[in-house]
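Comments concern the structure below.
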Amino acid sequence: MMQYIPYNIPFIAVALLVGVALFIIVFKRNLIKIVMGIAILEAGVNLFLVTLGYRAGGVAPIYTVTPEGTMVLPVPQALTLTSIVIGVSVIALMLTMVMYIYRHMGDADSRKSRLLRG
Amino acid sequence: MSVVTYGYAVWSPIIWLVVLLVIAAIALYVRSRGQKRYKKGTAQTDVFISGIKVPPTEQRHVPAHNIYWGFFEALKGFYSAMMRPHTGILNDYMLWLVAVMAITVLVLIIVI
Amino acid sequence: MEFLTVHSPILIVAIPLLAAFIAPLISRIGNKFRDTVNVALLGFVTLLIAILAIDVYTNGTRIYTLGAAVPEMAIPENYMVPIRIMFQVDGISMFMGLTTTVVMLAALVYSLNFLKGQTGQDRFYSLLMLLYVGMIGLEFTGDMFNLFVFLEILSIAGAGLAAYRTNLADAVEGGFKYIVISAVSALLVLFAIGILYGQYNLLSIAALAQNMQFNTLDMIALAMLAIAFVMKLAGVPLHMWAPDTYAVAPAGITPMIYTSSAASMYALYRVTFTLYGGHFDTTAIGWIVIILGVLSMFIGVMMAIHQTDIKRLMAYHAISQSGYMLLGVGVGLAVLNDPAALANYGRDAMNGGIFHIINNALYKGMLFLTAEAIFFRIGTRDLNKMGGLGHNMKWTTIFFIIGALAISGIPPFNGFASKLLIYESVFRFNPLLSVIAMFVSLVTLASFTKVFYSAFTGPEMPAYKEVREVPRSMLIGMGIMVACIIFFSIFPGLVVDTIVAPATDALIDQAGYINGVMGAAP
């Protein structure tokens with residue numbers, strides 16, 4: 001049982017990151033902290049995607065000065081790069097909107113800045 | 001082309017429109033044999049509210065939140081229970097998401 | 001012509017993307033030039049959609065593989081599984097594509113006049129084209145990760161557009177809520193895609209459906225995918241963001257954001273019917289969808305009749321009508337493995353649910369456009385302050401009456417046809433659900449009577465004496481939708497046989513979807 005733990009450390013880290021991120025998004029009131037929570041959630045999911053791509057004894061698919069071994073398909077790395085770029089643009093958009101909300105309401109608190117309710 | 005079949009029955013809007021035209025023709029005929037002594041522009045076409053003085057236009061039109069007063073009064077308990085989750089706070093929306101996802105995961109794992 | 005047919009899936013995605021990126025450059029020449037170019041490019045895309053629709057409905061599923069020597073070659077040489085990004089257009093994808101294009105045409109024509117005097121118009125059109133690309137890409141894709149990418153594209157474009165009027169405080173708040181909801185849902189979708197990829201090393205939907213083993217991890221992935229899509233389509237109890245966002249979006253954008261919720265519903269059906277169909281007892285997930293549908297219908301309409309803000313009221317009605325679609329297709333999902341029940345009432349229920357998608361996009365979109373026409377002339381959305389607008393805004397009143405009768409399911413409109421299909425078939429599944437559906441229809445009519453009385457009838461208010469009818473391009477935008485509504489009302493049989501029945505067959509027939517890809521060896 002104990003010999004499985006070093007292999008599973010990245011997955012435990014993913015579970016911790018996603019758990020902390022969901023806790024922040026549900027319980028923290030400041031809008032900027034909610035945006036930080038989404039950034040941590042994104043980091044957790046990206047780590048999950050990269051960890052899935054590990055193959056023991058594999059070699060990077062580069063054709064110059066190739067060492068011995070089977071080359072891996074670079075699909076999970078491609079998925080992670082796409083996800084990181086999407087994450088950057090989403091966080092930029094969210095921070096711009098928080099700025100406008102602060103300018104209008106004077107307060108970046110999710111309990112106070114709720115004009116729309118009911 | 002204009003007929004939808006479901007189960008053992010049929011819905012055809014063209015037949016419905018034809019029936020509507022026939023009934024409308026009958027209704028217009030019956031109406032045309034009625035009273036013709038009616039003069040527009042005289043006191044016969046003014047607003048009449050049981051003889052009291054007619055208030056100006058803004059006060060005469062019933063505002064929207066008073067229209068279904070009886071319905072809302074009867075269902076007051078239901079509506080106060082419904083307004084409590086609809087807070088408008090973003091954190092509560094996320095709490096619903098996490099809770100419903102947890103319940104669905106449990107249901108799907110246990111049932112299947 | 002052959003070139004256009006073969007390459008149409010990628011051209012339909014690429015041309016609006018090009019239009020989105022060159023919109024700021026074209027705006028330097030002039031506003032009218034930019035409007036003309038946008039309308040011309042969208043007209044060409046509509047022509048391509050028509051060509052693709054004729055091809056899909058006569059020849060079957062069309063596959064387009066990006067980067068292959070021949071576009072129909074799904075699996076590369078010496079490989080066993082599809083590796084490249086693929087577009088796969090079958091009956092239901094084409095149905096959703098048609099819905100999206102009609103709503104986009106109306107929204108674009110409506111926005112031409114609505115934005116007079118606003119700044120940043122070139123970015124508005126850029127984002128609108130990106131929103132269209134996101135929706136069409138989501139509907140045409142045959143690949144799970146591509147689904148995630150297009151889902152994010154449409155969320156970002158939609159949120160940017162919802163918060164377009166940054167001078168109003170509630171607009172930015174509505175846009176912020178939309179982007180937070182969408183970001184969290186999309187990240188959970190990506191997590192589920194990661195779980196599926198880690199097990200099977202495959203991303204293509206057809207290949208995953210063939211190798212699916214239905215163990216515990218797959219059930220966790222199904223739950224995450226389904227609930228994330230339910231949150232994006234605003235089903236109760238995850239619906240609370242929808243009235244906030246739909247109410248503050250500018251004109252023409254609310255129908256598009258509403259149609260992007262319908263696209264998320266398509267993604268939900270794609271995952272439950274095609275990815276997890278097959279030798280799998282779908283009764284449990286079918287009942288979950290039915291319960292969510294009934295809750296959406298009931299709570300949506302009871303909250304709607306209480307509102308005094310006209311666009312919030314219509315947004316709650318949008319949530320309630322989504323419940324009808326979930327109910328109809330959920331009944332089909334629950335009886336998927338029971339051939340007698342499926343032939344008896346399952347197909348009719350799914351026909352009703354899917355027909356309701358396009359009906360609802362048309363009349364709900366048009367009702368949103370009439371509400372924005374009122375806001376354009378008066379400047380307020382509060383029903384308590386309105387009155388007697390029918391004296392001056394005659395065309396808007398007529399369009400509103402047609403939309404309100406259609407949404408309540410009054411004959412002879414198309415709403416009645418699809419609701420009748422849902423009532424009759426759901427009654428044979430479980431009578432109580434049908435009774436709830438009819439009650440919801442009644443309360444829908446009651447709440448639209450309230451809006452009609454408050455806004456349009458009544459004596460002429462002195463404050464609104466100078467209100468005139470809205471400009472002509474807005475009337476044309478609404479007129480496109482009304483023409484489609486009247487066409488669908490008089491010829492429902494034509495629509496059901498040509499467009500809806502192939503969509504139902506495409507959803508039920510999972511083996512055909514898989515064979516379209518895996519059987520197409522070079």
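Chain labels run A, B, ... following the order of the structure tokens; each chain numbers its residues from 1, and ligands are numbered from 1 in the order shown.
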
What are the nearest atom pairs, with distances in Å to one decimal, for all residues of chain B that come at most 9 Å from chain C, using only C-alpha atoms, set out by chain and rising residue number as CSV?
residue,atom,partner,partner_atom,distance
B:Met1,CA,C:Leu494,CA,5.0
B:Ser2,CA,C:Phe491,CA,4.0
B:Val3,CA,C:Gly493,CA,4.6
B:Val4,CA,C:Gly493,CA,4.5
B:Thr5,CA,C:Gly493,CA,7.8
B:Tyr6,CA,C:Asp348,CA,6.4
B:Gly7,CA,C:Tyr345,CA,7.0
B:Trp11,CA,C:Ala417,CA,7.4
B:Ser12,CA,C:Pro492,CA,8.3
B:Pro13,CA,C:Pro412,CA,5.4
B:Ile14,CA,C:Ile490,CA,6.7
B:Trp16,CA,C:Pro412,CA,7.0
B:Leu17,CA,C:Pro412,CA,7.3
B:Thr57,CA,C:Met461,CA,6.2
B:Glu58,CA,C:Met461,CA,6.6
B:Arg60,CA,C:Pro459,CA,8.4
B:His61,CA,C:Gly458,CA,6.6
B:Val62,CA,C:Ser454,CA,7.6
B:Pro63,CA,C:Asn384,CA,4.8
B:Ala64,CA,C:Asn384,CA,5.0
B:His65,CA,C:Thr308,CA,6.3
B:Ile67,CA,C:Lys450,CA,7.2
B:Tyr68,CA,C:Lys450,CA,8.2
B:Phe72,CA,C:His306,CA,8.0
B:Tyr79,CA,C:Met303,CA,8.2
B:Met82,CA,C:Met303,CA,8.0
B:Met83,CA,C:Met303,CA,8.7
B:His86,CA,C:Met240,CA,6.7
B:Thr87,CA,C:Met240,CA,8.6
B:Gly88,CA,C:Met240,CA,7.4
B:Leu90,CA,C:Lys177,CA,6.8
B:Tyr93,CA,C:Leu238,CA,6.8
B:Met94,CA,C:Ile181,CA,7.7
B:Trp96,CA,C:Leu238,CA,6.5
B:Leu97,CA,C:Leu238,CA,6.5
B:Val100,CA,C:Ile227,CA,7.5
B:Met101,CA,C:Ile227,CA,6.0
B:Ala102,CA,C:Ala223,CA,8.6
B:Thr104,CA,C:Ala223,CA,5.9
B:Val105,CA,C:Ala223,CA,5.4
B:Leu106,CA,C:Ile220,CA,8.7
B:Val107,CA,C:Ala284,CA,8.5
B:Leu108,CA,C:Met219,CA,6.3
B:Ile109,CA,C:Met219,CA,6.3
B:Val111,CA,C:Ala284,CA,7.4
B:Ile112,CA,C:Ala284,CA,8.1

Counting only C-alpha atoms, give me one row per residue of chain A with an atom at most 9 Å from an atom of chain B, showing the shortest contact pair and its distance in Å to one decimal, sorted by chain then residue number, as CSV.
residue,atom,partner,partner_atom,distance
A:Leu22,CA,B:Val98,CA,8.1
A:Ile25,CA,B:Asn91,CA,6.4
A:Val26,CA,B:Asn91,CA,4.7
A:Phe27,CA,B:Asn91,CA,6.4
A:Lys28,CA,B:Asn91,CA,7.6
A:Arg29,CA,B:Asn91,CA,7.5
A:Ile34,CA,B:Asn91,CA,8.6
A:Ser110,CA,B:Ile89,CA,6.0
A:Arg111,CA,B:Ile89,CA,5.8
A:Lys112,CA,B:Ile89,CA,8.6
A:Ser113,CA,B:Ile89,CA,8.4
A:Arg114,CA,B:Gly88,CA,5.8
A:Leu115,CA,B:Gly88,CA,7.9
A:Leu116,CA,B:Gly88,CA,6.2
A:Arg117,CA,B:Gly88,CA,4.6
A:Gly118,CA,B:His86,CA,5.3

Contact table chain C vs chain A, cut-off 9 Å, shortest pair per residue, only C-alpha atoms, as JSON lines:
{"residue": "C:Phe145", "atom": "CA", "partner": "A:Leu79", "partner_atom": "CA", "distance": 7.6}
{"residue": "C:Val149", "atom": "CA", "partner": "A:Ile86", "partner_atom": "CA", "distance": 8.1}
{"residue": "C:Glu152", "atom": "CA", "partner": "A:Ile86", "partner_atom": "CA", "distance": 7.3}
{"residue": "C:Ile153", "atom": "CA", "partner": "A:Ile86", "partner_atom": "CA", "distance": 8.4}
{"residue": "C:Ile156", "atom": "CA", "partner": "A:Val90", "partner_atom": "CA", "distance": 6.7}
{"residue": "C:Ala159", "atom": "CA", "partner": "A:Leu93", "partner_atom": "CA", "distance": 8.6}
{"residue": "C:Gly160", "atom": "CA", "partner": "A:Leu93", "partner_atom": "CA", "distance": 7.7}
{"residue": "C:Ala163", "atom": "CA", "partner": "A:Met97", "partner_atom": "CA", "distance": 8.1}
{"residue": "C:Thr166", "atom": "CA", "partner": "A:Tyr100", "partner_atom": "CA", "distance": 7.3}
{"residue": "C:Asn167", "atom": "CA", "partner": "A:His104", "partner_atom": "CA", "distance": 8.4}
{"residue": "C:Leu168", "atom": "CA", "partner": "A:His104", "partner_atom": "CA", "distance": 8.2}
{"residue": "C:Ala169", "atom": "CA", "partner": "A:His104", "partner_atom": "CA", "distance": 5.8}
{"residue": "C:Asp170", "atom": "CA", "partner": "A:Leu115", "partner_atom": "CA", "distance": 6.2}
{"residue": "C:Val172", "atom": "CA", "partner": "A:Met97", "partner_atom": "CA", "distance": 6.2}
{"residue": "C:Glu173", "atom": "CA", "partner": "A:Ile101", "partner_atom": "CA", "distance": 6.7}
{"residue": "C:Gly174", "atom": "CA", "partner": "A:Leu116", "partner_atom": "CA", "distance": 8.0}
{"residue": "C:Gly175", "atom": "CA", "partner": "A:Met97", "partner_atom": "CA", "distance": 7.7}
{"residue": "C:Phe176", "atom": "CA", "partner": "A:Met97", "partner_atom": "CA", "distance": 6.1}
{"residue": "C:Ile179", "atom": "CA", "partner": "A:Met94", "partner_atom": "CA", "distance": 7.0}
{"residue": "C:Val180", "atom": "CA", "partner": "A:Met94", "partner_atom": "CA", "distance": 7.6}
{"residue": "C:Ala183", "atom": "CA", "partner": "A:Val90", "partner_atom": "CA", "distance": 7.3}
{"residue": "C:Val184", "atom": "CA", "partner": "A:Ile38", "partner_atom": "CA", "distance": 6.9}
{"residue": "C:Leu187", "atom": "CA", "partner": "A:Glu42", "partner_atom": "CA", "distance": 6.6}
{"residue": "C:Leu188", "atom": "CA", "partner": "A:Val45", "partner_atom": "CA", "distance": 8.3}
{"residue": "C:Leu190", "atom": "CA", "partner": "A:Val45", "partner_atom": "CA", "distance": 7.3}
{"residue": "C:Phe191", "atom": "CA", "partner": "A:Val45", "partner_atom": "CA", "distance": 6.0}
{"residue": "C:Gly194", "atom": "CA", "partner": "A:Leu49", "partner_atom": "CA", "distance": 5.9}
{"residue": "C:Ile195", "atom": "CA", "partner": "A:Leu52", "partner_atom": "CA", "distance": 8.7}
{"residue": "C:Tyr197", "atom": "CA", "partner": "A:Leu52", "partner_atom": "CA", "distance": 8.1}
{"residue": "C:Gly198", "atom": "CA", "partner": "A:Leu52", "partner_atom": "CA", "distance": 5.7}
{"residue": "C:Met240", "atom": "CA", "partner": "A:Arg117", "partner_atom": "CA", "distance": 9.0}
{"residue": "C:Pro243", "atom": "CA", "partner": "A:Leu116", "partner_atom": "CA", "distance": 8.5}
{"residue": "C:Asp244", "atom": "CA", "partner": "A:Leu116", "partner_atom": "CA", "distance": 6.0}
{"residue": "C:Met303", "atom": "CA", "partner": "A:Gly118", "partner_atom": "CA", "distance": 8.5}
{"residue": "C:Gln307", "atom": "CA", "partner": "A:Gly118", "partner_atom": "CA", "distance": 8.3}

**Message:** One number please: CA of Leu208 in chain C to CA of Val289 in chain C, in Å, one decimal.
**Reply:**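 CA of Leu208 in chain C sits 22.5 Å away from CA of Val289 in chain C.
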
**Item:** Straight-line distance linking CA of Ala361 in chain C with CA of Val102 in chain C, stated in Å to one decimal
**Value:**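 Straight-line distance from CA of Ala361 in chain C to CA of Val102 in chain C works out to 9.1 Å.
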
**Message:** Taking 4 positions as the minimum chain separation for residues in the same chain, which residues sit within 12 Å of Ala56 in chain A when counting only C-alpha atoms? Answer as a VMD selection string.
**Reply:** chain A and resid 7 51 to 52 60 69 to 72

Go ahead and write the residues just picked, N, CA and C atoms, as a PDB file, in the first residue's frame.
ATOM      1  N   TYR A   7       3.941   7.383  -6.375  1.00  0.00           N
ATOM      2  CA  TYR A   7       3.361   7.495  -7.702  1.00  0.00           C
ATOM      3  C   TYR A   7       2.172   8.422  -7.714  1.00  0.00           C
ATOM      4  N   THR A  51      -0.195  15.361 -15.590  1.00  0.00           N
ATOM      5  CA  THR A  51       0.161  14.129 -14.884  1.00  0.00           C
ATOM      6  C   THR A  51      -0.313  12.898 -15.625  1.00  0.00           C
ATOM      7  N   LEU A  52      -1.456  13.031 -16.334  1.00  0.00           N
ATOM      8  CA  LEU A  52      -1.973  11.874 -17.048  1.00  0.00           C
ATOM      9  C   LEU A  52      -1.074  11.475 -18.196  1.00  0.00           C
ATOM     10  N   ALA A  60      10.733  12.080 -25.411  1.00  0.00           N
ATOM     11  CA  ALA A  60      10.034  13.201 -26.034  1.00  0.00           C
ATOM     12  C   ALA A  60      10.092  13.070 -27.554  1.00  0.00           C
ATOM     13  N   GLY A  69      14.330   4.580 -26.948  1.00  0.00           N
ATOM     14  CA  GLY A  69      13.037   4.519 -26.283  1.00  0.00           C
ATOM     15  C   GLY A  69      11.918   4.815 -27.260  1.00  0.00           C
ATOM     16  N   THR A  70      10.679   4.579 -26.797  1.00  0.00           N
ATOM     17  CA  THR A  70       9.503   4.817 -27.633  1.00  0.00           C
ATOM     18  C   THR A  70       9.056   6.261 -27.447  1.00  0.00           C
ATOM     19  N   MET A  71       8.709   6.926 -28.552  1.00  0.00           N
ATOM     20  CA  MET A  71       8.252   8.310 -28.442  1.00  0.00           C
ATOM     21  C   MET A  71       6.800   8.347 -27.999  1.00  0.00           C
ATOM     22  N   VAL A  72       6.440   9.379 -27.198  1.00  0.00           N
ATOM     23  CA  VAL A  72       5.059   9.519 -26.730  1.00  0.00           C
ATOM     24  C   VAL A  72       4.335  10.511 -27.622  1.00  0.00           C
TER      25      VAL A  72
END

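The protein and nucleic acid residues lying at most 8 Å from Gly293 in chain C are Gly235, Val236, Val289, Ile290, Ser296, Met297, Ser322, Gly323, Tyr324, Met325, Leu326, Leu327 and Gly330 of chain C, with only C-alpha atoms considered and sequence neighbours fewer than 3 positions away removed.
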